[in-house]
Amino acid sequence: MARTNFDQLLQAGCHFGHLKRKWNPAMAPYIYTERNGIHIIDLHKTVIKIDEAADALKQIAKSGKKILFVATKKQTKEIIAEKAQSVGMPYVIERWPGGMLTNFPTIRKAVKKMANIDKLMTDGTFNNLSKRELLQVTRQRAKLEKNLGSIADLTRLPSALFVVDVLKEQIAVREANRLGIPVFGIVDSNSDPKNIDFIIPANDDAKDSVEVILSACCAAINEGIEERKVEKADEKAADEQEEAAAEDAKPKRQARKPRKAAEAPAEEAPVAEAAAEAEAPAAEEAAAE
């Protein structure tokens with residue numbers, strides 16, 4: 001079953017491309033026609049590509065890996081933030097920090113710096129700072145939060161990148177290609193799909209267009225997350241059953257009955273009688289002498 005349909009994409013304006021003179025010839029397979037100097041994207045192919053991308057995203061989420069959403073366009077910032085937060089994924093909606101993927105350890109240091117400032121706020125160190133120092137640290141914290149706050153939980157490189165407008169975010173795409181990270185991208189008629197692993201041909205400028213595509217993809221990611229939870233619960237239950245079965249299979253030790261001190265062993269009785277008989281004649285001889 002398709003996650004989207006032709007009418008839904010048409011109503012959202014996903015079919016509108018850029019002006020004919022601004023097009024990229026590599027997008028020719030995904031363009032249906034040209035009308036009033038504007039290219040019209042083939043939405044039948046868009047529906048198929050959305051399903052392919054959604055299935056791949058679902059598998060990544062099911063394996064417990066992270067997907068980094070990237071969109072620095074003003075009209076798509078809020079949508080990206082909302083959708084990424086709904087599935088617990090990191091996102092970048094401000095300026096893409098150069099080297100974020102290829103120089104990831106440095107980015108992590110900046111995130112740790114933000115955590116250290118938070119620690120200073122709680123342990124009372126700020127009370128000993130002057131007003132000027134306090135203002136500087138506060139401004140620094142606000143800047144870090146704005147640029148890196150959304151990736152604070154990203155402790156390792158993401159397993160995939162979801163990019164809105166691959167032309168504008170070409171630095172992010174290049175870094176992902178260099179590291180072998182698969183890229184999912186909404187590609188408009190003016191963009192080059194060559195370096196995109198999962199192409200979604202659609203209008204990347206309209207808010208409604210981006211929202212309908214993201215909704216389908218995030219629904220697939222959420223399915224993958226839920227399936228992972230179910231599998232983990234089943235594995236835990238199976239492990240508990242195996243442990244219980246192993247405990248039941250262990251042989252139970254029989255309790256030994258304590259031996260009474262008054263009872264003498266049966267074999268020792270004849271020996272005691274023979275010793276008494278041997279001592280009796282010897283006692284009689286000694287008395288006669």
# chains A, B, ... in the order shown; residues from 1 in each chain; ligands from 1
$ residues_around --residues "Pro90 of chain A" --least-positions-apart "6" --cutoff "10 Å" --atoms "only C-alpha atoms" --output "PyMOL selection string"
chain A and resi 66-70+80-81+84+148-154+158
$ residues_around --residues "Ile117 of chain A" --least-positions-apart "6" --cutoff "12 Å" --atoms "only C-alpha atoms" --output "PyMOL selection string"
chain A and resi 110-111+123-126+134+136-142+144-145
$ atom_distance --atom1 "atom CA of Cys14 of chain A" --atom2 "atom CA of Glu52 of chain A"
17.2 Å
$ closest_residue --among "A:Lys113, A:Gln8, A:Gln75, A:Phe16" --to "Lys143 of chain A" --atoms "only C-alpha atoms"
A:Lys113
$ select_by_dssp --residues "segment 137-257 of chain A" --states "strand (DSSP E or B)" --output "PyMOL selection string"
chain A and resi 160-164+183-187+198-201
$ write_last_selection --atoms "N, CA, C and O atoms" --output "PDB file, in the first residue's frame"
ATOM      1  N   ALA A 160      22.172   8.023   8.352  1.00  0.00           N
ATOM      2  CA  ALA A 160      21.571   8.541   7.116  1.00  0.00           C
ATOM      3  C   ALA A 160      21.312  10.031   7.264  1.00  0.00           C
ATOM      4  O   ALA A 160      21.214  10.548   8.383  1.00  0.00           O
ATOM      5  N   LEU A 161      21.201  10.694   6.114  1.00  0.00           N
ATOM      6  CA  LEU A 161      20.903  12.131   6.067  1.00  0.00           C
ATOM      7  C   LEU A 161      19.623  12.320   5.266  1.00  0.00           C
ATOM      8  O   LEU A 161      19.481  11.733   4.186  1.00  0.00           O
ATOM      9  N   PHE A 162      18.691  13.107   5.805  1.00  0.00           N
ATOM     10  CA  PHE A 162      17.493  13.470   5.047  1.00  0.00           C
ATOM     11  C   PHE A 162      17.577  14.967   4.775  1.00  0.00           C
ATOM     12  O   PHE A 162      17.531  15.773   5.706  1.00  0.00           O
ATOM     13  N   VAL A 163      17.703  15.325   3.506  1.00  0.00           N
ATOM     14  CA  VAL A 163      17.978  16.716   3.125  1.00  0.00           C
ATOM     15  C   VAL A 163      16.812  17.289   2.333  1.00  0.00           C
ATOM     16  O   VAL A 163      16.304  16.649   1.399  1.00  0.00           O
ATOM     17  N   VAL A 164      16.402  18.492   2.696  1.00  0.00           N
ATOM     18  CA  VAL A 164      15.427  19.246   1.918  1.00  0.00           C
ATOM     19  C   VAL A 164      16.192  20.305   1.132  1.00  0.00           C
ATOM     20  O   VAL A 164      16.887  21.135   1.726  1.00  0.00           O
ATOM     21  N   VAL A 183      22.177   9.286   1.539  1.00  0.00           N
ATOM     22  CA  VAL A 183      21.477  10.569   1.560  1.00  0.00           C
ATOM     23  C   VAL A 183      20.083  10.407   0.956  1.00  0.00           C
ATOM     24  O   VAL A 183      19.929   9.895  -0.154  1.00  0.00           O
ATOM     25  N   PHE A 184      19.077  10.830   1.714  1.00  0.00           N
ATOM     26  CA  PHE A 184      17.700  10.915   1.233  1.00  0.00           C
ATOM     27  C   PHE A 184      17.438  12.390   0.951  1.00  0.00           C
ATOM     28  O   PHE A 184      17.689  13.224   1.828  1.00  0.00           O
ATOM     29  N   GLY A 185      16.926  12.703  -0.212  1.00  0.00           N
ATOM     30  CA  GLY A 185      16.765  14.116  -0.530  1.00  0.00           C
ATOM     31  C   GLY A 185      15.521  14.429  -1.330  1.00  0.00           C
ATOM     32  O   GLY A 185      15.137  13.665  -2.234  1.00  0.00           O
ATOM     33  N   ILE A 186      14.867  15.537  -0.981  1.00  0.00           N
ATOM     34  CA  ILE A 186      13.804  16.089  -1.824  1.00  0.00           C
ATOM     35  C   ILE A 186      14.493  16.915  -2.895  1.00  0.00           C
ATOM     36  O   ILE A 186      15.129  17.925  -2.598  1.00  0.00           O
ATOM     37  N   VAL A 187      14.385  16.477  -4.146  1.00  0.00           N
ATOM     38  CA  VAL A 187      15.154  17.057  -5.236  1.00  0.00           C
ATOM     39  C   VAL A 187      14.210  17.787  -6.192  1.00  0.00           C
ATOM     40  O   VAL A 187      13.290  17.185  -6.760  1.00  0.00           O
ATOM     41  N   PHE A 198      18.692   8.196  -2.333  1.00  0.00           N
ATOM     42  CA  PHE A 198      17.243   8.005  -2.427  1.00  0.00           C
ATOM     43  C   PHE A 198      16.623   9.337  -2.847  1.00  0.00           C
ATOM     44  O   PHE A 198      16.498  10.253  -2.037  1.00  0.00           O
ATOM     45  N   ILE A 199      16.241   9.412  -4.107  1.00  0.00           N
ATOM     46  CA  ILE A 199      15.747  10.666  -4.684  1.00  0.00           C
ATOM     47  C   ILE A 199      14.231  10.748  -4.532  1.00  0.00           C
ATOM     48  O   ILE A 199      13.517   9.784  -4.839  1.00  0.00           O
ATOM     49  N   ILE A 200      13.752  11.889  -4.051  1.00  0.00           N
ATOM     50  CA  ILE A 200      12.314  12.163  -3.995  1.00  0.00           C
ATOM     51  C   ILE A 200      12.069  13.407  -4.843  1.00  0.00           C
ATOM     52  O   ILE A 200      12.239  14.538  -4.371  1.00  0.00           O
ATOM     53  N   PRO A 201      11.723  13.234  -6.129  1.00  0.00           N
ATOM     54  CA  PRO A 201      11.514  14.406  -7.000  1.00  0.00           C
ATOM     55  C   PRO A 201      10.242  15.153  -6.599  1.00  0.00           C
ATOM     56  O   PRO A 201       9.135  14.612  -6.679  1.00  0.00           O
TER      57      PRO A 201
END
$ closest_residue --among "A:His18, A:Lys83, A:Lys58, A:Arg228" --to "Arg35 of chain A" --atoms "only C-alpha atoms"
A:His18
$ residues_around --residues "Ile93 of chain A" --least-positions-apart "2" --cutoff "6 Å" --atoms "only C-alpha atoms" --output "JSON list (two decimals) with N, CA and C atoms, in the first residue's frame"
[["chain", "number", "residue", "atom", "x", "y", "z"],
["A", 71, "ALA", "N", 17.61, 20.99, 6.95],
["A", 71, "ALA", "CA", 16.87, 21.97, 6.15],
["A", 71, "ALA", "C", 17.05, 23.34, 6.76],
["A", 72, "THR", "N", 17.78, 24.19, 6.09],
["A", 72, "THR", "CA", 18.04, 25.53, 6.63],
["A", 72, "THR", "C", 17.20, 26.61, 5.95],
["A", 77, "LYS", "N", 11.96, 25.31, 8.23],
["A", 77, "LYS", "CA", 12.59, 25.09, 9.53],
["A", 77, "LYS", "C", 11.64, 24.48, 10.55]]
$ atom_distance --atom1 "atom CA of Lys109 of chain A" --atom2 "atom CA of Leu129 of chain A"
23.3 Å
$ residues_around --residues "Ile181 of chain A" --least-positions-apart "3" --cutoff "7 Å" --atoms "only C-alpha atoms" --output "PyMOL selection string"
chain A and resi 159-160+176-177
$ write_last_selection --atoms "N, CA and C atoms" --output "PDB file, in the first residue's frame"
ATOM      1  N   SER A 159      23.419   7.512  10.673  1.00  0.00           N
ATOM      2  CA  SER A 159      23.449   6.435   9.680  1.00  0.00           C
ATOM      3  C   SER A 159      22.843   6.875   8.356  1.00  0.00           C
ATOM      4  N   ALA A 160      22.172   8.023   8.352  1.00  0.00           N
ATOM      5  CA  ALA A 160      21.571   8.541   7.116  1.00  0.00           C
ATOM      6  C   ALA A 160      21.312  10.031   7.264  1.00  0.00           C
ATOM      7  N   ALA A 176      28.506  13.821   3.580  1.00  0.00           N
ATOM      8  CA  ALA A 176      27.898  12.494   3.713  1.00  0.00           C
ATOM      9  C   ALA A 176      28.439  11.535   2.652  1.00  0.00           C
ATOM     10  N   ASN A 177      28.584  12.025   1.413  1.00  0.00           N
ATOM     11  CA  ASN A 177      29.135  11.182   0.342  1.00  0.00           C
ATOM     12  C   ASN A 177      30.565  10.755   0.645  1.00  0.00           C
TER      13      ASN A 177
END
$ closest_atom_pairs --of "segment 32-54 of chain A" --to "segment 211-222 of chain A" --cutoff "8 Å" --atoms "only C-alpha atoms" --output "JSON lines"
{"residue": "A:Ile50", "atom": "CA", "partner": "A:Ile213", "partner_atom": "CA", "distance": 7.2}
{"residue": "A:Ala53", "atom": "CA", "partner": "A:Cys217", "partner_atom": "CA", "distance": 7.3}
{"residue": "A:Ala54", "atom": "CA", "partner": "A:Cys217", "partner_atom": "CA", "distance": 4.9}
$ write_last_selection --atoms "C-alpha atoms" --output "compact mmCIF listing (two decimals), in the first residue's frame"
# COMPACT_ATOMS: atom_id res chain seq x y z
CA ILE A 50 8.53 8.20 -1.54
CA ALA A 53 12.67 6.07 0.70
CA ALA A 54 10.12 5.40 3.47
